[in-house]
Amino acid sequence: MWVFSILFLVCALVLIVGVIMLIPKRTRQKGKIIAISFLILSVIFYGISRFSSNNYPNDEPGTITKSQYRQLKEGMTKDEVIKLLGDPASEDADVHEWNYRGIDGVSSGATAMLFFDGDTLSSIVDDGIITKSATSASDSGTSSTDEDTQITKKQYDQIKIGMSNTEVQSKLGKVSKENISDLDNQYEWNYSTDNGGLAYFKFDRKSNKLVEKSEIGVLSSDSSTITDKNGTKDDKSSETAKEDNSDYQNEVDSTIESVIDKDFTFDTTLKKLELNKNEGTNNPNDYVALIYLSYNETHSEKTTKKWIDKYTSHLAAKLAEKEPDITSISIFWETPRFKKNWNTAKFNLTKKDNKFYFDSENYDKTVFK
């Protein structure tokens, strides 16, 4: 490690002093003792520094070389990975991911992402170590900045059920950590399009394979579909279903409007409400609410974010209290002050024990920096 390298250099300098002291007769005996002692110490520290440097490329923890990347194999244990690379630069416990910085990659800012199933390495994602980074390719349709990666309809269509997370990321670009959601036995990656559409990709945590993809406004301006191993279906209620829940939709609409009128201090409007059956529960009366709101004030980015966060939490609490049949909520916010006809924030919430809890919070980073 670097500590031993420094000690070696110090010993080497003292050794030189000892050698110089051999020249005058009156300091020769002391010089001999110093020279021999620090020669031995120099050899010891040099050997330790050379041996330990294999754990950390460039004496820097959390880094990886092209050679080391090629030695990684699925099925390795965490101890084996640490023996090869040392501790990761960062770790995301929610999706069992370790990240290492590339020091000789083919792209600047190269990283390697390692996904684990328990103690076993299950998937390896290269982002610029030995292949050009998907987020810097000029023809990938993605951005090389720190902003959220945006995708196209064509890219969405290329993603097939059963693909690994590595394959998905190679086609869509790197997903930002803010757009990764933990879903118990699954995890979800969220992407957006340049016209405000949203795409969601759910992976099985154990296999890291894609089990479901869904979109809102990606395939067309008003599309909303879900695709799994059984095929693609429209996520919107059928005309008959819409007629069946029209009374309930009016009730929920009224509840939301009442909360906005009575409790929201600043100008906010409900642009649209969609109610769909919640296919993820066994109760036929459970609903998913898609709520589209607009924050119409001309506040700063910081103040706007503060209030849409607060209003989201308050509205969710009121719906949990007044509308027990709603078990899942997605709230979309427009902020015309910054972008018109564009969803700049989205929140997903799920009800547990009669209260809503946040699953994910996503912000347009070109607005909320």
# chains A, B, ... in the order shown; residues from 1 in each chain; ligands from 1
>>> residues_around(residues="stretch 179-183 of chain A", least_positions_apart="2", cutoff="12 Å", atoms="only C-alpha atoms", output="ChimeraX atom specification")
/A:92-97,147-150,174-177,185-192,198-205,345-350,358-365
>>> residues_around(residues="stretch 111-120 of chain A", least_positions_apart="6", cutoff="9 Å", atoms="only C-alpha atoms", output="list in words")
Thr63, Ile64, Tyr69, Glu74, Gly75, Met76, Thr77, Lys78, Asp79, Val95, His96, Glu97, Trp98, Asn99, Tyr100, Arg101, Gly102, Ile103, Gly105, Asp126, Asp127, Gly128, Ile129, Ser133, Arg205, Lys206, Ser207 and Asn208 of chain A
>>> select_by_dssp(residues="stretch 128-326 of chain A", states="alpha helix (DSSP H)", output="PyMOL selection string")
chain A and resi 153-158+165-172+239-244+246-263+301-322
>>> write_last_selection(atoms="C-alpha atoms", output="JSON list (two decimals), in the first residue's frame")
[["chain", "number", "residue", "atom", "x", "y", "z"],
["A", 153, "LYS", "CA", -39.15, 4.73, -29.25],
["A", 154, "LYS", "CA", -36.80, 2.64, -31.40],
["A", 155, "GLN", "CA", -34.60, 1.85, -28.42],
["A", 156, "TYR", "CA", -37.62, 0.92, -26.29],
["A", 157, "ASP", "CA", -38.81, -1.50, -29.00],
["A", 158, "GLN", "CA", -35.37, -3.16, -29.07],
["A", 165, "ASN", "CA", -29.43, -5.95, -17.32],
["A", 166, "THR", "CA", -26.10, -5.81, -19.17],
["A", 167, "GLU", "CA", -27.84, -6.17, -22.54],
["A", 168, "VAL", "CA", -30.47, -3.57, -21.66],
["A", 169, "GLN", "CA", -27.89, -1.08, -20.51],
["A", 170, "SER", "CA", -25.78, -1.61, -23.63],
["A", 171, "LYS", "CA", -28.77, -0.56, -25.75],
["A", 172, "LEU", "CA", -30.18, 2.24, -23.60],
["A", 239, "GLU", "CA", -64.18, 1.36, -22.44],
["A", 240, "THR", "CA", -66.43, -0.93, -20.39],
["A", 241, "ALA", "CA", -64.12, -0.70, -17.41],
["A", 242, "LYS", "CA", -64.06, 3.07, -17.73],
["A", 243, "GLU", "CA", -67.83, 3.16, -17.62],
["A", 244, "ASP", "CA", -67.84, 0.83, -14.61],
["A", 246, "SER", "CA", -66.61, 6.40, -13.86],
["A", 247, "ASP", "CA", -68.44, 7.20, -10.61],
["A", 248, "TYR", "CA", -65.40, 6.27, -8.57],
["A", 249, "GLN", "CA", -63.14, 8.30, -10.87],
["A", 250, "ASN", "CA", -65.39, 11.33, -10.31],
["A", 251, "GLU", "CA", -65.15, 10.74, -6.56],
["A", 252, "VAL", "CA", -61.35, 10.59, -6.58],
["A", 253, "ASP", "CA", -61.18, 13.59, -8.89],
["A", 254, "SER", "CA", -63.32, 15.53, -6.43],
["A", 255, "THR", "CA", -61.13, 14.45, -3.51],
["A", 256, "ILE", "CA", -57.97, 15.65, -5.24],
["A", 257, "GLU", "CA", -59.54, 18.95, -6.28],
["A", 258, "SER", "CA", -60.70, 19.50, -2.71],
["A", 259, "VAL", "CA", -57.21, 18.90, -1.32],
["A", 260, "ILE", "CA", -55.72, 21.32, -3.86],
["A", 261, "ASP", "CA", -58.32, 24.03, -3.11],
["A", 262, "LYS", "CA", -58.18, 23.75, 0.67],
["A", 263, "ASP", "CA", -54.60, 22.77, 1.46],
["A", 301, "GLU", "CA", -35.96, 25.74, -8.81],
["A", 302, "LYS", "CA", -35.19, 25.18, -5.12],
["A", 303, "THR", "CA", -38.52, 26.55, -3.89],
["A", 304, "THR", "CA", -40.49, 24.72, -6.59],
["A", 305, "LYS", "CA", -38.92, 21.40, -5.65],
["A", 306, "LYS", "CA", -39.59, 22.03, -1.97],
["A", 307, "TRP", "CA", -43.30, 22.60, -2.54],
["A", 308, "ILE", "CA", -43.96, 19.80, -5.03],
["A", 309, "ASP", "CA", -42.27, 17.42, -2.59],
["A", 310, "LYS", "CA", -44.46, 18.71, 0.23],
["A", 311, "TYR", "CA", -47.65, 18.66, -1.85],
["A", 312, "THR", "CA", -46.95, 15.12, -3.07],
["A", 313, "SER", "CA", -46.60, 13.83, 0.48],
["A", 314, "HIS", "CA", -49.70, 15.69, 1.66],
["A", 315, "LEU", "CA", -51.87, 14.52, -1.25],
["A", 316, "ALA", "CA", -50.76, 10.92, -0.73],
["A", 317, "ALA", "CA", -51.66, 11.13, 2.97],
["A", 318, "LYS", "CA", -55.12, 12.50, 2.15],
["A", 319, "LEU", "CA", -55.78, 9.81, -0.47],
["A", 320, "ALA", "CA", -54.75, 7.10, 1.99],
["A", 321, "GLU", "CA", -57.26, 8.54, 4.43],
["A", 322, "LYS", "CA", -60.18, 9.23, 2.08]]
>>> residues_around(residues="A:Asn285", least_positions_apart="3", cutoff="9 Å", atoms="only C-alpha atoms", output="list in words")
Lys277, Asn278, Asn282, Asp325 and Ile326 of chain A
>>> write_last_selection(atoms="all heavy atoms", output="PDB file, in the first residue's frame")
ATOM      1  N   LYS A 277     -57.222  -0.678 -12.772  1.00  0.00           N
ATOM      2  CA  LYS A 277     -57.235  -1.778 -11.818  1.00  0.00           C
ATOM      3  C   LYS A 277     -55.801  -2.140 -11.446  1.00  0.00           C
ATOM      4  O   LYS A 277     -54.920  -2.186 -12.307  1.00  0.00           O
ATOM      5  CB  LYS A 277     -57.923  -3.006 -12.421  1.00  0.00           C
ATOM      6  CG  LYS A 277     -59.429  -2.819 -12.679  1.00  0.00           C
ATOM      7  CD  LYS A 277     -60.220  -2.819 -11.386  1.00  0.00           C
ATOM      8  CE  LYS A 277     -61.726  -2.799 -11.676  1.00  0.00           C
ATOM      9  NZ  LYS A 277     -62.514  -2.816 -10.428  1.00  0.00           N
ATOM     10  N   ASN A 278     -55.575  -2.408 -10.174  1.00  0.00           N
ATOM     11  CA  ASN A 278     -54.241  -2.809  -9.729  1.00  0.00           C
ATOM     12  C   ASN A 278     -54.107  -4.316  -9.910  1.00  0.00           C
ATOM     13  O   ASN A 278     -54.593  -5.100  -9.100  1.00  0.00           O
ATOM     14  CB  ASN A 278     -54.027  -2.415  -8.262  1.00  0.00           C
ATOM     15  CG  ASN A 278     -52.569  -2.561  -7.849  1.00  0.00           C
ATOM     16  OD1 ASN A 278     -51.803  -3.283  -8.487  1.00  0.00           O
ATOM     17  ND2 ASN A 278     -52.188  -1.887  -6.779  1.00  0.00           N
ATOM     18  N   ASN A 282     -54.651  -9.076  -5.148  1.00  0.00           N
ATOM     19  CA  ASN A 282     -55.736 -10.052  -5.318  1.00  0.00           C
ATOM     20  C   ASN A 282     -57.113  -9.446  -5.124  1.00  0.00           C
ATOM     21  O   ASN A 282     -58.125 -10.138  -5.287  1.00  0.00           O
ATOM     22  CB  ASN A 282     -55.545 -11.212  -4.324  1.00  0.00           C
ATOM     23  CG  ASN A 282     -54.262 -11.998  -4.588  1.00  0.00           C
ATOM     24  OD1 ASN A 282     -53.906 -12.206  -5.738  1.00  0.00           O
ATOM     25  ND2 ASN A 282     -53.594 -12.425  -3.513  1.00  0.00           N
ATOM     26  N   ASP A 325     -59.481   2.410  -1.535  1.00  0.00           N
ATOM     27  CA  ASP A 325     -59.340   1.463  -2.646  1.00  0.00           C
ATOM     28  C   ASP A 325     -58.129   1.770  -3.527  1.00  0.00           C
ATOM     29  O   ASP A 325     -57.756   0.953  -4.370  1.00  0.00           O
ATOM     30  CB  ASP A 325     -60.604   1.443  -3.507  1.00  0.00           C
ATOM     31  CG  ASP A 325     -61.777   0.799  -2.788  1.00  0.00           C
ATOM     32  OD1 ASP A 325     -61.522   0.036  -1.832  1.00  0.00           O
ATOM     33  OD2 ASP A 325     -62.925   1.069  -3.161  1.00  0.00           O
ATOM     34  N   ILE A 326     -57.539   2.940  -3.360  1.00  0.00           N
ATOM     35  CA  ILE A 326     -56.333   3.274  -4.121  1.00  0.00           C
ATOM     36  C   ILE A 326     -55.132   2.731  -3.363  1.00  0.00           C
ATOM     37  O   ILE A 326     -54.860   3.112  -2.234  1.00  0.00           O
ATOM     38  CB  ILE A 326     -56.192   4.790  -4.323  1.00  0.00           C
ATOM     39  CG1 ILE A 326     -57.342   5.304  -5.192  1.00  0.00           C
ATOM     40  CG2 ILE A 326     -54.852   5.130  -4.984  1.00  0.00           C
ATOM     41  CD1 ILE A 326     -57.298   6.794  -5.438  1.00  0.00           C
TER      42      ILE A 326
END
>>> closest_residue(among="A:Ser294, A:Ser67, A:Ser328, A:Thr268", to="A:Lys352", atoms="only C-alpha atoms")
A:Ser328
>>> residues_around(residues="A:Pro336", least_positions_apart="5", cutoff="10 Å", atoms="only C-alpha atoms", output="PyMOL selection string")
chain A and resi 294-298+341-344
>>> write_last_selection(atoms="N, CA and C atoms", output="mmCIF file, in the first residue's frame")
data_model
loop_
_atom_site.group_PDB
_atom_site.id
_atom_site.type_symbol
_atom_site.label_atom_id
_atom_site.label_comp_id
_atom_site.auth_asym_id
_atom_site.auth_seq_id
_atom_site.Cartn_x
_atom_site.Cartn_y
_atom_site.Cartn_z
ATOM 1 N N SER A 294 -49.919 20.252 -12.173
ATOM 2 C CA SER A 294 -49.089 21.337 -12.689
ATOM 3 C C SER A 294 -48.884 22.373 -11.581
ATOM 4 N N TYR A 295 -47.626 22.686 -11.295
ATOM 5 C CA TYR A 295 -47.281 23.719 -10.323
ATOM 6 C C TYR A 295 -47.041 25.001 -11.116
ATOM 7 N N ASN A 296 -47.937 25.972 -10.962
ATOM 8 C CA ASN A 296 -47.994 27.100 -11.889
ATOM 9 C C ASN A 296 -47.297 28.365 -11.413
ATOM 10 N N GLU A 297 -46.652 28.301 -10.263
ATOM 11 C CA GLU A 297 -45.969 29.476 -9.746
ATOM 12 C C GLU A 297 -44.643 29.703 -10.492
ATOM 13 N N THR A 298 -44.073 30.895 -10.291
ATOM 14 C CA THR A 298 -42.802 31.232 -10.945
ATOM 15 C C THR A 298 -41.669 31.271 -9.919
ATOM 16 N N ASN A 341 -45.551 21.702 -20.930
ATOM 17 C CA ASN A 341 -45.995 20.402 -21.461
ATOM 18 C C ASN A 341 -44.923 19.333 -21.295
ATOM 19 N N TRP A 342 -44.345 19.281 -20.110
ATOM 20 C CA TRP A 342 -43.237 18.361 -19.833
ATOM 21 C C TRP A 342 -43.311 17.941 -18.376
ATOM 22 N N ASN A 343 -43.238 16.640 -18.131
ATOM 23 C CA ASN A 343 -43.216 16.154 -16.756
ATOM 24 C C ASN A 343 -41.794 16.268 -16.205
ATOM 25 N N THR A 344 -41.598 17.184 -15.273
ATOM 26 C CA THR A 344 -40.251 17.409 -14.736
ATOM 27 C C THR A 344 -40.008 16.663 -13.423
#
>>> atom_distance(atom1="atom CA of A:Gly86", atom2="atom CA of A:Leu121")
14.7 Å
>>> atom_distance(atom1="atom CA of A:Ala289", atom2="atom CA of A:Thr327")
8.2 Å
>>> select_by_dssp(residues="stretch 120-341 of chain A", states="strand (DSSP E or B)", output="number ranges by chain")
A: 120-127, 150, 164, 180-183, 186-192, 198-204, 209-216, 224-228, 231-234, 268-277, 287-295, 326-335, 339-341
>>> atom_distance(atom1="atom CA of A:Leu275", atom2="atom CA of A:Val288")
5.7 Å
>>> residues_around(residues="stretch 16-26 of chain A", least_positions_apart="4", cutoff="12 Å", atoms="only C-alpha atoms", output="list in words")
Leu9, Val10, Cys11, Ala12, Lys30, Gly31, Lys32, Ile33, Ile34, Ala35, Ile36, Ser37, Phe38, Leu39 and Ser42 of chain A
>>> decode(residues="stretch 185-217 of chain A", atoms="N, CA, C and O atoms", output="CSV table (one decimal), in the first residue's frame")
chain,number,residue,atom,x,y,z
A,185,ASN,N,-38.2,-8.4,-4.5
A,185,ASN,CA,-37.5,-9.4,-5.2
A,185,ASN,C,-37.1,-8.9,-6.6
A,185,ASN,O,-36.6,-9.7,-7.4
A,186,GLN,N,-37.5,-7.7,-6.9
A,186,GLN,CA,-37.1,-7.1,-8.2
A,186,GLN,C,-36.5,-5.7,-8.0
A,186,GLN,O,-36.5,-5.2,-6.9
A,187,TYR,N,-36.0,-5.2,-9.1
A,187,TYR,CA,-35.6,-3.8,-9.1
A,187,TYR,C,-35.9,-3.2,-10.4
A,187,TYR,O,-36.1,-3.9,-11.4
A,188,GLU,N,-36.1,-1.9,-10.5
A,188,GLU,CA,-36.7,-1.2,-11.7
A,188,GLU,C,-35.8,-0.1,-12.1
A,188,GLU,O,-35.3,0.7,-11.3
A,189,TRP,N,-35.5,0.0,-13.4
A,189,TRP,CA,-34.8,1.1,-14.0
A,189,TRP,C,-35.8,2.0,-14.7
A,189,TRP,O,-36.7,1.5,-15.5
A,190,ASN,N,-35.6,3.3,-14.6
A,190,ASN,CA,-36.5,4.3,-15.2
A,190,ASN,C,-35.8,5.1,-16.2
A,190,ASN,O,-34.7,5.6,-15.9
A,191,TYR,N,-36.3,5.3,-17.4
A,191,TYR,CA,-35.8,6.2,-18.4
A,191,TYR,C,-36.9,7.1,-18.9
A,191,TYR,O,-38.0,6.9,-18.7
A,192,SER,N,-36.4,8.2,-19.5
A,192,SER,CA,-37.4,9.2,-20.1
A,192,SER,C,-37.1,9.4,-21.5
A,192,SER,O,-36.0,9.0,-22.0
A,193,THR,N,-38.0,10.0,-22.2
A,193,THR,CA,-37.8,10.4,-23.6
A,193,THR,C,-37.8,11.9,-23.7
A,193,THR,O,-38.1,12.6,-22.8
A,194,ASP,N,-37.3,12.5,-24.9
A,194,ASP,CA,-37.2,13.9,-25.0
A,194,ASP,C,-38.5,14.6,-25.0
A,194,ASP,O,-38.6,15.9,-25.0
A,195,ASN,N,-39.6,13.9,-25.2
A,195,ASN,CA,-41.0,14.5,-25.2
A,195,ASN,C,-41.8,14.3,-23.9
A,195,ASN,O,-43.0,14.4,-23.9
A,196,GLY,N,-41.1,13.8,-22.9
A,196,GLY,CA,-41.7,13.6,-21.6
A,196,GLY,C,-42.3,12.3,-21.3
A,196,GLY,O,-42.9,12.0,-20.3
A,197,GLY,N,-42.0,11.3,-22.3
A,197,GLY,CA,-42.5,9.9,-22.0
A,197,GLY,C,-41.6,9.2,-21.0
A,197,GLY,O,-40.5,9.7,-20.7
A,198,LEU,N,-42.2,8.2,-20.4
A,198,LEU,CA,-41.5,7.5,-19.3
A,198,LEU,C,-41.5,6.0,-19.6
A,198,LEU,O,-42.5,5.4,-20.0
A,199,ALA,N,-40.3,5.3,-19.4
A,199,ALA,CA,-40.2,3.9,-19.6
A,199,ALA,C,-39.7,3.2,-18.4
A,199,ALA,O,-38.8,3.8,-17.7
A,200,TYR,N,-40.2,2.0,-18.0
A,200,TYR,CA,-39.8,1.3,-16.8
A,200,TYR,C,-39.4,-0.1,-17.2
A,200,TYR,O,-40.1,-0.8,-17.9
A,201,PHE,N,-38.3,-0.6,-16.6
A,201,PHE,CA,-37.8,-1.9,-16.9
A,201,PHE,C,-37.6,-2.6,-15.5
A,201,PHE,O,-36.8,-2.2,-14.7
A,202,LYS,N,-38.3,-3.7,-15.3
A,202,LYS,CA,-38.2,-4.5,-14.1
A,202,LYS,C,-37.4,-5.7,-14.3
A,202,LYS,O,-37.6,-6.5,-15.2
A,203,PHE,N,-36.4,-5.9,-13.4
A,203,PHE,CA,-35.5,-7.1,-13.4
A,203,PHE,C,-35.7,-8.0,-12.2
A,203,PHE,O,-36.0,-7.5,-11.1
A,204,ASP,N,-35.6,-9.3,-12.4
A,204,ASP,CA,-35.6,-10.2,-11.3
A,204,ASP,C,-34.3,-10.1,-10.6
A,204,ASP,O,-33.2,-10.1,-11.2
A,205,ARG,N,-34.3,-9.9,-9.3
A,205,ARG,CA,-33.1,-9.6,-8.5
A,205,ARG,C,-32.1,-10.8,-8.6
A,205,ARG,O,-30.9,-10.6,-8.6
A,206,LYS,N,-32.6,-12.0,-8.6
A,206,LYS,CA,-31.8,-13.2,-8.6
A,206,LYS,C,-31.1,-13.4,-9.9
A,206,LYS,O,-29.9,-13.7,-9.9
A,207,SER,N,-31.8,-13.3,-11.0
A,207,SER,CA,-31.2,-13.6,-12.3
A,207,SER,C,-30.7,-12.4,-13.1
A,207,SER,O,-30.0,-12.5,-14.0
A,208,ASN,N,-31.2,-11.2,-12.6
A,208,ASN,CA,-30.9,-10.0,-13.3
A,208,ASN,C,-31.4,-10.0,-14.8
A,208,ASN,O,-30.8,-9.3,-15.6
A,209,LYS,N,-32.5,-10.7,-15.0
A,209,LYS,CA,-33.2,-10.8,-16.3
A,209,LYS,C,-34.4,-9.9,-16.3
A,209,LYS,O,-35.1,-9.7,-15.3
A,210,LEU,N,-34.7,-9.3,-17.4
A,210,LEU,CA,-35.9,-8.4,-17.6
A,210,LEU,C,-37.1,-9.2,-17.6
A,210,LEU,O,-37.3,-10.2,-18.3
A,211,VAL,N,-38.1,-8.9,-16.7
A,211,VAL,CA,-39.3,-9.6,-16.5
A,211,VAL,C,-40.5,-8.8,-17.0
A,211,VAL,O,-41.6,-9.3,-17.3
A,212,GLU,N,-40.3,-7.5,-17.0
A,212,GLU,CA,-41.5,-6.6,-17.5
A,212,GLU,C,-40.9,-5.3,-17.9
A,212,GLU,O,-40.0,-4.7,-17.3
A,213,LYS,N,-41.5,-4.7,-18.9
A,213,LYS,CA,-41.3,-3.4,-19.3
A,213,LYS,C,-42.6,-2.7,-19.5
A,213,LYS,O,-43.6,-3.3,-19.9
A,214,SER,N,-42.6,-1.4,-19.2
A,214,SER,CA,-43.9,-0.6,-19.4
A,214,SER,C,-43.5,0.8,-19.8
A,214,SER,O,-42.4,1.3,-19.6
A,215,GLU,N,-44.5,1.5,-20.4
A,215,GLU,CA,-44.2,2.8,-20.8
A,215,GLU,C,-45.5,3.7,-20.8
A,215,GLU,O,-46.6,3.2,-20.8
A,216,ILE,N,-45.2,5.0,-20.6
A,216,ILE,CA,-46.3,6.0,-20.7
A,216,ILE,C,-45.8,7.1,-21.6
A,216,ILE,O,-44.8,7.8,-21.3
A,217,GLY,N,-46.4,7.2,-22.7
A,217,GLY,CA,-46.1,8.3,-23.7
A,217,GLY,C,-44.8,8.1,-24.5
A,217,GLY,O,-44.3,9.0,-25.1
